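Participant: This is the content of coords_24.tsv (TSV, C-alpha atoms):
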```
chain	number	residue	atom	x	y	z
P	12	MET	CA	131.95	62.16	125.14
P	13	GLU	CA	130.80	65.13	127.19
P	14	LEU	CA	132.65	67.46	124.82
P	15	GLU	CA	131.01	65.90	121.78
P	16	LYS	CA	127.60	66.44	123.30
P	17	GLN	CA	128.41	70.07	123.99
P	18	VAL	CA	129.61	70.58	120.43
P	19	GLU	CA	126.40	69.04	119.13
P	20	ALA	CA	124.33	71.31	121.34
P	21	LEU	CA	126.29	74.35	120.16
P	22	LYS	CA	125.88	73.37	116.52
P	23	GLU	CA	122.16	73.08	117.02
P	24	GLN	CA	122.03	76.47	118.70
P	25	VAL	CA	124.01	78.11	115.89
P	26	SER	CA	121.80	76.64	113.18
P	27	ARG	CA	118.71	77.82	115.07
P	28	LEU	CA	120.17	81.32	115.36
P	29	GLU	CA	121.06	81.34	111.68
P	30	ALA	CA	117.55	80.26	110.76
P	31	GLY	CA	116.24	83.02	113.01
P	32	THR	CA	118.22	85.70	111.22
P	33	LYS	CA	116.77	84.82	107.84
P	34	GLU	CA	113.99	87.25	107.08
P	35	GLN	CA	110.57	85.75	106.76
P	36	VAL	CA	107.35	86.56	104.92
P	37	SER	CA	104.04	85.00	105.88
P	38	MET	CA	100.89	85.33	103.82
P	39	VAL	CA	97.34	84.20	104.22
P	40	VAL	CA	96.06	83.37	100.74
P	41	PHE	CA	92.29	83.44	101.21
P	42	SER	CA	90.93	84.55	97.84
P	43	GLY	CA	90.11	82.06	95.13
P	44	ASP	CA	90.46	84.69	92.40
P	45	LEU	CA	93.04	84.29	89.66
P	46	ASP	CA	94.32	87.87	89.91
P	47	LYS	CA	94.72	87.81	93.68
P	48	ILE	CA	96.44	84.41	93.84
P	49	LEU	CA	98.72	85.53	91.01
P	50	ALA	CA	99.65	88.65	93.01
P	51	ALA	CA	100.36	86.49	96.07
P	52	MET	CA	102.59	84.18	94.03
P	53	ILE	CA	104.51	87.07	92.44
P	54	ILE	CA	105.22	88.54	95.89
P	55	ALA	CA	106.13	85.08	97.22
P	56	THR	CA	108.63	84.28	94.46
P	57	GLY	CA	110.03	87.82	94.59
P	58	ALA	CA	110.59	87.47	98.34
P	59	ALA	CA	112.33	84.14	97.74
P	60	ALA	CA	114.68	85.96	95.36
P	61	TYR	CA	115.54	88.19	98.33
P	62	ASP	CA	116.56	85.03	100.20
P	63	MET	CA	113.60	85.40	102.51
P	64	LYS	CA	111.84	82.36	103.88
P	65	VAL	CA	108.29	82.39	102.53
P	66	ASN	CA	105.27	80.69	104.10
P	67	LEU	CA	101.92	80.73	102.34
P	68	PHE	CA	98.85	79.71	104.29
P	69	PHE	CA	96.17	78.70	101.79
P	70	THR	CA	92.71	78.85	103.28
P	71	PHE	CA	89.02	78.96	102.21
P	72	TRP	CA	88.52	79.66	98.49
P	73	ALA	CA	92.24	79.66	97.68
P	74	THR	CA	92.57	75.94	98.49
P	75	ALA	CA	90.64	75.06	95.30
P	76	SER	CA	93.50	76.45	93.19
P	77	LEU	CA	95.79	73.75	94.60
P	78	ARG	CA	93.66	70.87	93.33
P	79	ASP	CA	95.19	68.66	90.68
P	80	PRO	CA	92.71	68.28	87.79
P	81	ALA	CA	94.10	64.81	87.06
P	82	LYS	CA	93.48	63.49	90.57
P	83	SER	CA	90.40	62.87	92.66
P	84	GLY	CA	89.66	62.40	96.34
P	85	LYS	CA	88.42	59.14	97.79
P	86	ASP	CA	85.47	58.45	100.08
P	87	LYS	CA	83.55	61.69	99.60
P	88	SER	CA	80.09	62.33	100.94
P	89	MET	CA	77.28	63.59	98.68
P	90	MET	CA	77.84	67.16	99.88
P	91	GLU	CA	81.61	66.95	99.42
P	92	LYS	CA	81.13	65.66	95.88
P	93	MET	CA	78.82	68.59	95.14
P	94	PHE	CA	81.34	71.10	96.47
P	95	GLY	CA	83.98	69.38	94.39
P	96	ILE	CA	81.95	69.92	91.23
P	97	MET	CA	81.03	73.53	92.01
P	98	LEU	CA	84.50	74.75	92.96
P	99	PRO	CA	87.30	75.27	90.42
P	100	LYS	CA	89.48	72.22	89.91
P	101	GLY	CA	92.99	73.66	89.97
P	102	ALA	CA	94.93	76.76	88.99
P	103	ARG	CA	93.75	76.71	85.38
P	104	LYS	CA	90.11	76.96	86.37
P	105	VAL	CA	90.18	79.92	88.76
P	106	LYS	CA	88.48	83.10	87.58
P	107	LEU	CA	89.19	86.83	87.65
P	108	SER	CA	87.75	88.81	90.57
P	109	LYS	CA	86.47	91.48	88.19
P	110	MET	CA	85.41	91.54	84.55
P	111	ASN	CA	85.04	87.76	84.44
P	112	MET	CA	82.02	88.10	82.10
P	113	CYS	CA	81.07	84.41	82.22
P	114	GLY	CA	84.68	83.39	81.72
P	115	MET	CA	85.31	85.60	78.69
P	116	GLY	CA	87.32	88.13	80.70
P	117	THR	CA	89.44	85.39	82.25
P	118	GLN	CA	90.24	83.93	78.83
P	119	MET	CA	91.10	87.42	77.56
P	120	ILE	CA	93.45	88.18	80.44
P	121	LYS	CA	95.18	84.82	79.96
P	122	GLY	CA	95.80	85.77	76.33
P	123	ILE	CA	97.16	89.16	77.35
P	124	MET	CA	99.36	87.57	80.03
P	125	LYS	CA	100.82	85.24	77.44
P	126	LYS	CA	101.50	88.16	75.11
P	127	HIS	CA	103.31	90.06	77.87
P	128	LYS	CA	105.12	86.86	78.93
P	129	VAL	CA	103.60	86.94	82.41
P	130	ALA	CA	103.87	83.47	83.91
P	131	SER	CA	100.63	81.50	84.35
P	132	LEU	CA	99.50	80.44	87.82
P	133	ASP	CA	100.59	76.87	87.06
P	134	GLU	CA	104.09	78.07	86.20
P	135	MET	CA	104.20	80.30	89.29
P	136	PHE	CA	103.46	77.31	91.54
P	137	LYS	CA	106.26	75.38	89.85
P	138	THR	CA	108.75	78.27	90.26
P	139	ALA	CA	107.72	78.77	93.88
P	140	GLY	CA	108.36	75.09	94.55
P	141	GLU	CA	111.84	75.35	93.05
P	142	LEU	CA	112.56	78.40	95.22
P	143	GLY	CA	111.54	76.61	98.40
P	144	VAL	CA	108.34	78.57	99.09
P	145	VAL	CA	106.35	76.65	101.69
P	146	ILE	CA	102.63	76.13	101.10
P	147	ASN	CA	100.59	75.24	104.15
P	148	ILE	CA	96.99	74.32	103.50
P	149	CYS	CA	94.40	74.99	106.16
P	150	GLU	CA	93.03	71.67	107.31
P	151	MET	CA	89.69	73.12	108.34
P	152	SER	CA	89.16	74.57	104.85
P	153	MET	CA	90.01	71.22	103.29
P	154	ASN	CA	87.39	69.61	105.51
P	155	LEU	CA	84.78	72.29	104.79
P	156	MET	CA	85.22	72.05	101.03
P	157	GLY	CA	85.63	68.30	101.16
P	158	PHE	CA	89.07	68.30	99.55
P	159	LYS	CA	91.35	65.36	100.26
P	160	ARG	CA	95.13	65.47	100.55
P	161	GLU	CA	95.47	63.02	97.62
P	162	GLU	CA	93.72	65.35	95.17
P	163	MET	CA	96.13	68.26	95.68
P	164	ILE	CA	98.99	69.09	93.30
P	165	ASP	CA	102.44	67.55	93.75
P	166	TYR	CA	104.28	70.36	95.48
P	167	PRO	CA	107.66	69.81	97.15
P	168	HIS	CA	106.97	71.83	100.32
P	169	MET	CA	103.32	71.31	101.13
P	170	ASN	CA	101.80	70.65	104.53
P	171	VAL	CA	98.26	70.46	105.82
P	172	CYS	CA	97.99	72.30	109.11
P	173	GLY	CA	96.06	74.72	111.27
P	174	VAL	CA	96.04	78.37	112.27
P	175	ALA	CA	98.66	77.80	114.97
P	176	THR	CA	101.24	77.10	112.27
P	177	PHE	CA	100.39	80.33	110.49
P	178	LEU	CA	100.58	82.32	113.73
P	179	ALA	CA	103.92	80.81	114.68
P	180	ASP	CA	105.30	81.68	111.22
P	181	ALA	CA	103.73	85.14	111.20
P	182	ALA	CA	105.11	85.99	114.63
P	183	GLU	CA	108.60	85.33	113.27
P	184	SER	CA	108.01	87.34	110.07
P	185	LYS	CA	108.79	90.91	109.15
P	186	ILE	CA	106.11	90.94	106.49
P	187	GLN	CA	102.61	89.56	106.97
P	188	LEU	CA	99.97	89.81	104.29
P	189	PHE	CA	96.36	88.74	103.84
P	190	ILE	CA	95.30	88.29	100.24
R	11	MET	CA	130.61	103.59	86.42
R	12	THR	CA	130.02	105.54	83.24
R	13	THR	CA	128.29	103.99	80.25
R	14	GLU	CA	131.58	103.91	78.36
R	15	GLU	CA	133.30	102.07	81.20
R	16	LEU	CA	130.42	99.60	81.48
R	17	LYS	CA	130.55	98.86	77.77
R	18	SER	CA	134.13	97.65	78.15
R	19	VAL	CA	133.37	95.50	81.22
R	20	LYS	CA	133.90	91.78	80.75
R	21	SER	CA	131.08	89.99	82.53
R	22	ASN	CA	131.59	86.58	84.12
R	23	ILE	CA	128.01	85.64	83.36
R	24	VAL	CA	125.27	87.01	81.11
R	25	VAL	CA	121.66	86.37	82.08
R	26	ASP	CA	119.26	86.89	79.22
R	27	ALA	CA	115.84	87.58	80.73
R	28	ARG	CA	114.48	89.49	77.75
R	29	GLY	CA	110.84	88.80	77.08
R	30	THR	CA	109.98	87.84	80.65
R	31	ALA	CA	107.81	90.06	82.84
R	32	CYS	CA	108.04	90.80	86.55
R	33	PRO	CA	109.33	88.92	88.51
R	34	GLY	CA	111.10	86.97	85.70
R	35	PRO	CA	114.35	88.99	85.45
R	36	LEU	CA	114.73	89.10	89.25
R	37	LEU	CA	114.24	85.34	89.53
R	38	ALA	CA	116.68	84.76	86.66
R	39	ALA	CA	119.28	86.94	88.42
R	40	LYS	CA	118.71	85.13	91.72
R	41	LYS	CA	119.13	81.76	90.00
R	42	ALA	CA	122.37	82.73	88.25
R	43	ILE	CA	124.05	84.58	91.12
R	44	GLY	CA	124.90	81.24	92.71
R	45	ASP	CA	126.96	80.32	89.64
R	46	ILE	CA	129.51	83.10	90.06
R	47	GLY	CA	131.99	83.87	92.79
R	48	SER	CA	132.42	86.89	95.03
R	49	GLY	CA	133.74	89.92	93.13
R	50	GLU	CA	132.66	88.53	89.76
R	51	ILE	CA	130.40	90.47	87.45
R	52	MET	CA	126.91	89.60	86.27
R	53	GLU	CA	125.16	91.20	83.36
R	54	ILE	CA	121.38	90.97	83.02
R	55	TYR	CA	119.48	91.62	79.80
R	56	SER	CA	115.94	92.78	80.43
R	57	SER	CA	113.19	94.28	78.33
R	58	ASP	CA	111.03	94.87	81.39
R	59	GLU	CA	111.06	98.53	82.47
R	60	GLY	CA	110.54	97.76	86.16
R	61	THR	CA	113.75	95.71	86.29
R	62	LYS	CA	115.77	98.94	86.17
R	63	HIS	CA	114.37	99.84	89.59
R	64	ASP	CA	114.14	96.31	90.96
R	65	ILE	CA	117.70	95.09	90.38
R	66	PRO	CA	119.43	98.07	92.09
R	67	LYS	CA	117.10	97.64	95.11
R	68	TRP	CA	117.79	93.92	95.18
R	69	CYS	CA	121.55	94.57	95.02
R	70	GLN	CA	121.31	97.00	97.93
R	71	LYS	CA	119.49	94.45	100.05
R	72	MET	CA	121.75	91.54	99.09
R	73	SER	CA	124.89	93.76	99.40
R	74	HIS	CA	125.93	93.24	95.77
R	75	GLU	CA	127.41	96.29	94.10
R	76	PHE	CA	125.18	97.69	91.36
R	77	LEU	CA	127.43	99.05	88.62
R	78	GLY	CA	124.97	100.64	86.22
R	79	ILE	CA	122.82	100.31	83.13
R	80	VAL	CA	123.62	100.35	79.42
R	81	GLU	CA	120.58	101.03	77.25
R	82	GLU	CA	120.25	99.12	74.01
R	83	ASP	CA	117.53	99.58	71.38
R	84	SER	CA	114.87	97.32	72.83
R	85	TYR	CA	116.35	96.26	76.16
R	86	SER	CA	118.67	97.25	78.99
R	87	ARG	CA	121.91	95.70	80.18
R	88	LEU	CA	122.28	95.83	83.94
R	89	PHE	CA	125.65	95.22	85.60
R	90	LEU	CA	126.39	94.13	89.12
R	91	LYS	CA	129.32	92.82	91.12
R	92	LYS	CA	128.62	89.96	93.51
R	93	ALA	CA	129.36	90.59	97.17
```
Kindly return the structure encoded in the file as structure tokens.

Facilitator:
Amino acid sequence: MELEKQVEALKEQVSRLEAGTKEQVSMVVFSGDLDKILAAMIIATGAAAYDMKVNLFFTFWATASLRDPAKSGKDKSMMEKMFGIMLPKGARKVKLSKMNMCGMGTQMIKGIMKKHKVASLDEMFKTAGELGVVINICEMSMNLMGFKREEMIDYPHMNVCGVATFLADAAESKIQLFI
Amino acid sequence: MTTEELKSVKSNIVVDARGTACPGPLLAAKKAIGDIGSGEIMEIYSSDEGTKHDIPKWCQKMSHEFLGIVEEDSYSRLFLKKA
């Protein structure tokens, strides 16, 4: 019995050590711009191809890109409803940081991306999910913007958390980025 | 390996990532590498110029052996041996 316990403890220690040796990337995704989120997702999926563990902390304007256009949040105040209308509803609605030109530039770049077979933001989220990229959404941002958990996209590794989670991940990471 | 030698290599798996842009070919390679065993050879087709720099770097990091590149008309064939 005692031996079994010891073996269990050792197994746990080994798995923790193994997890510790896996290189980690942590990113704050702050911007709500199409180009910047796309860059973050390209780096994230690329890092996953390097067998790195990837944690994305979506905060402020970036959280809007994770809304599911087909869903809506319940019990919203007047102000939250207004924010909901003013902010982009999902990855297809986010705009370029430059040359948006009332949406014309964004439409143009989407056409060019298609021509050059660059994956859309929607597709990047799907790929990232398949690769095990973790998306943590900042709870405070969700509250500020009035977004509810039930209106976010279905993503296999999504959590709602606070800055402590990001810091814990970042402290264990070789690469930390703010986008 | 020389180009001539590479041309006669029999790959265990061919990954056709032509037409995809960065990071498409890298992700395709990552996905397929699990399907072959250690010492087996993977061949990647890519029409993305950056892949020619990316795949050797990736191999170095993942300890796979990068064997070389064969240029075709509109794409490149990249060879690697899994660690």

Participant: Within 12 Å of chain P, which residues of chain R are there when counting only C-alpha atoms? Please give them as number ranges by chain.

Facilitator: R: 27-44, 57-58, 64-65, 67-74

Participant: Can you pull out the residues contacting Val24 in chain R? Cut-off 10 Å, using all atoms listed in the file, and skip same-chain residues under 4 positions away; I want them as a PyMOL selection string.

Facilitator: chain R and resi 20+39+42+51-55+87-89

Participant: Rank nothing, just name the residue among P:Val25, P:Met163, P:Cys172, P:Ile96 nearest to Thr70 in chain P, using all atoms listed in the file.

Facilitator: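 The answer is P:Cys172, which sits nearest to Thr70 in chain P.
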
Participant: Could you tell me how far CA of Thr74 in chain P lies from CA of Val174 in chain P, in Å and to one decimal?

Facilitator: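 Result for CA of Thr74 in chain P versus CA of Val174 in chain P: 14.4 Å, one decimal.
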
Participant: In Å, with one decimal, what is the gap from CA of Met169 in chain P to CA of Glu91 in chain P?

Facilitator: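 If I compute the distance from CA of Met169 in chain P to CA of Glu91 in chain P, I get 22.2 Å.
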
Participant: Which neighbours of Asn22 in chain R fall inside 10 Å, counting all atoms listed in the file, when residues of the same chain fewer than 3 positions from it are skipped, and could you give them as a tab-separated table (two decimals) with C-alpha atoms, in the frame of the given file?

Facilitator:
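Okay, this is what ended up in out-v1.tsv:
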```
chain	number	residue	atom	x	y	z
R	19	VAL	CA	133.37	95.50	81.22
R	45	ASP	CA	126.96	80.32	89.64
R	46	ILE	CA	129.51	83.10	90.06
R	47	GLY	CA	131.99	83.87	92.79
R	49	GLY	CA	133.74	89.92	93.13
R	50	GLU	CA	132.66	88.53	89.76
R	51	ILE	CA	130.40	90.47	87.45
R	52	MET	CA	126.91	89.60	86.27
R	53	GLU	CA	125.16	91.20	83.36
R	91	LYS	CA	129.32	92.82	91.12
```

Participant: One number please: CA of Leu45 in chain P to CA of Val105 in chain P, in Å, one decimal.

Facilitator: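 Going from CA of Leu45 in chain P over to CA of Val105 in chain P, I get 5.3 Å.
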
Participant: Which residue gives the smallest distance to Lys64 in chain P among P:Ala139, P:Val39, P:Met153, P:Ile190, with only C-alpha atoms counted?

Facilitator: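 So, comparing all the options, the nearest one is P:Ala139.
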
Participant: Write a file for range 126-142 of chain P of the given structure; include N, CA, C and O atoms and format it as an mmCIF file, in the first residue's frame.

Facilitator:
```
data_model
loop_
_atom_site.group_PDB
_atom_site.id
_atom_site.type_symbol
_atom_site.label_atom_id
_atom_site.label_comp_id
_atom_site.auth_asym_id
_atom_site.auth_seq_id
_atom_site.Cartn_x
_atom_site.Cartn_y
_atom_site.Cartn_z
ATOM 1 N N LYS P 126 -7.140 35.172 -52.125
ATOM 2 C CA LYS P 126 -6.359 34.933 -53.343
ATOM 3 C C LYS P 126 -5.011 34.280 -52.999
ATOM 4 O O LYS P 126 -4.533 33.392 -53.707
ATOM 5 N N HIS P 127 -4.405 34.749 -51.920
ATOM 6 C CA HIS P 127 -3.098 34.203 -51.519
ATOM 7 C C HIS P 127 -3.239 33.015 -50.578
ATOM 8 O O HIS P 127 -2.265 32.586 -49.967
ATOM 9 N N LYS P 128 -4.485 32.517 -50.434
ATOM 10 C CA LYS P 128 -4.776 31.348 -49.601
ATOM 11 C C LYS P 128 -4.321 31.532 -48.151
ATOM 12 O O LYS P 128 -3.886 30.595 -47.501
ATOM 13 N N VAL P 129 -4.409 32.762 -47.661
ATOM 14 C CA VAL P 129 -4.148 33.003 -46.235
ATOM 15 C C VAL P 129 -5.435 32.688 -45.498
ATOM 16 O O VAL P 129 -6.510 33.117 -45.906
ATOM 17 N N ALA P 130 -5.324 31.907 -44.430
ATOM 18 C CA ALA P 130 -6.515 31.483 -43.693
ATOM 19 C C ALA P 130 -7.223 32.680 -43.066
ATOM 20 O O ALA P 130 -6.569 33.624 -42.622
ATOM 21 N N SER P 131 -8.557 32.634 -43.023
ATOM 22 C CA SER P 131 -9.322 33.706 -42.380
ATOM 23 C C SER P 131 -9.202 33.539 -40.868
ATOM 24 O O SER P 131 -8.773 32.499 -40.376
ATOM 25 N N LEU P 132 -9.609 34.578 -40.140
ATOM 26 C CA LEU P 132 -9.514 34.549 -38.684
ATOM 27 C C LEU P 132 -10.348 33.395 -38.105
ATOM 28 O O LEU P 132 -9.922 32.694 -37.191
ATOM 29 N N ASP P 133 -11.537 33.203 -38.698
ATOM 30 C CA ASP P 133 -12.403 32.086 -38.298
ATOM 31 C C ASP P 133 -11.666 30.753 -38.388
ATOM 32 O O ASP P 133 -11.683 29.945 -37.467
ATOM 33 N N GLU P 134 -11.023 30.551 -39.536
ATOM 34 C CA GLU P 134 -10.289 29.298 -39.770
ATOM 35 C C GLU P 134 -9.115 29.167 -38.808
ATOM 36 O O GLU P 134 -8.798 28.073 -38.339
ATOM 37 N N MET P 135 -8.448 30.313 -38.530
ATOM 38 C CA MET P 135 -7.305 30.279 -37.609
ATOM 39 C C MET P 135 -7.742 29.839 -36.211
ATOM 40 O O MET P 135 -7.040 29.078 -35.546
ATOM 41 N N PHE P 136 -8.904 30.324 -35.763
ATOM 42 C CA PHE P 136 -9.406 29.919 -34.445
ATOM 43 C C PHE P 136 -9.660 28.410 -34.423
ATOM 44 O O PHE P 136 -9.352 27.731 -33.456
ATOM 45 N N LYS P 137 -10.206 27.911 -35.533
ATOM 46 C CA LYS P 137 -10.522 26.483 -35.611
ATOM 47 C C LYS P 137 -9.229 25.650 -35.548
ATOM 48 O O LYS P 137 -9.116 24.700 -34.777
ATOM 49 N N THR P 138 -8.225 26.070 -36.358
ATOM 50 C CA THR P 138 -6.935 25.367 -36.372
ATOM 51 C C THR P 138 -6.285 25.413 -34.993
ATOM 52 O O THR P 138 -5.766 24.406 -34.509
ATOM 53 N N ALA P 139 -6.317 26.591 -34.366
ATOM 54 C CA ALA P 139 -5.703 26.746 -33.053
ATOM 55 C C ALA P 139 -6.356 25.792 -32.047
ATOM 56 O O ALA P 139 -5.668 25.181 -31.234
ATOM 57 N N GLY P 140 -7.662 25.664 -32.146
ATOM 58 C CA GLY P 140 -8.386 24.746 -31.256
ATOM 59 C C GLY P 140 -7.924 23.318 -31.448
ATOM 60 O O GLY P 140 -7.705 22.580 -30.490
ATOM 61 N N GLU P 141 -7.754 22.935 -32.714
ATOM 62 C CA GLU P 141 -7.296 21.568 -33.014
ATOM 63 C C GLU P 141 -5.883 21.326 -32.486
ATOM 64 O O GLU P 141 -5.524 20.213 -32.121
ATOM 65 N N LEU P 142 -5.063 22.386 -32.474
ATOM 66 C CA LEU P 142 -3.675 22.246 -32.042
ATOM 67 C C LEU P 142 -3.517 22.373 -30.522
ATOM 68 O O LEU P 142 -2.412 22.276 -29.998
#
```
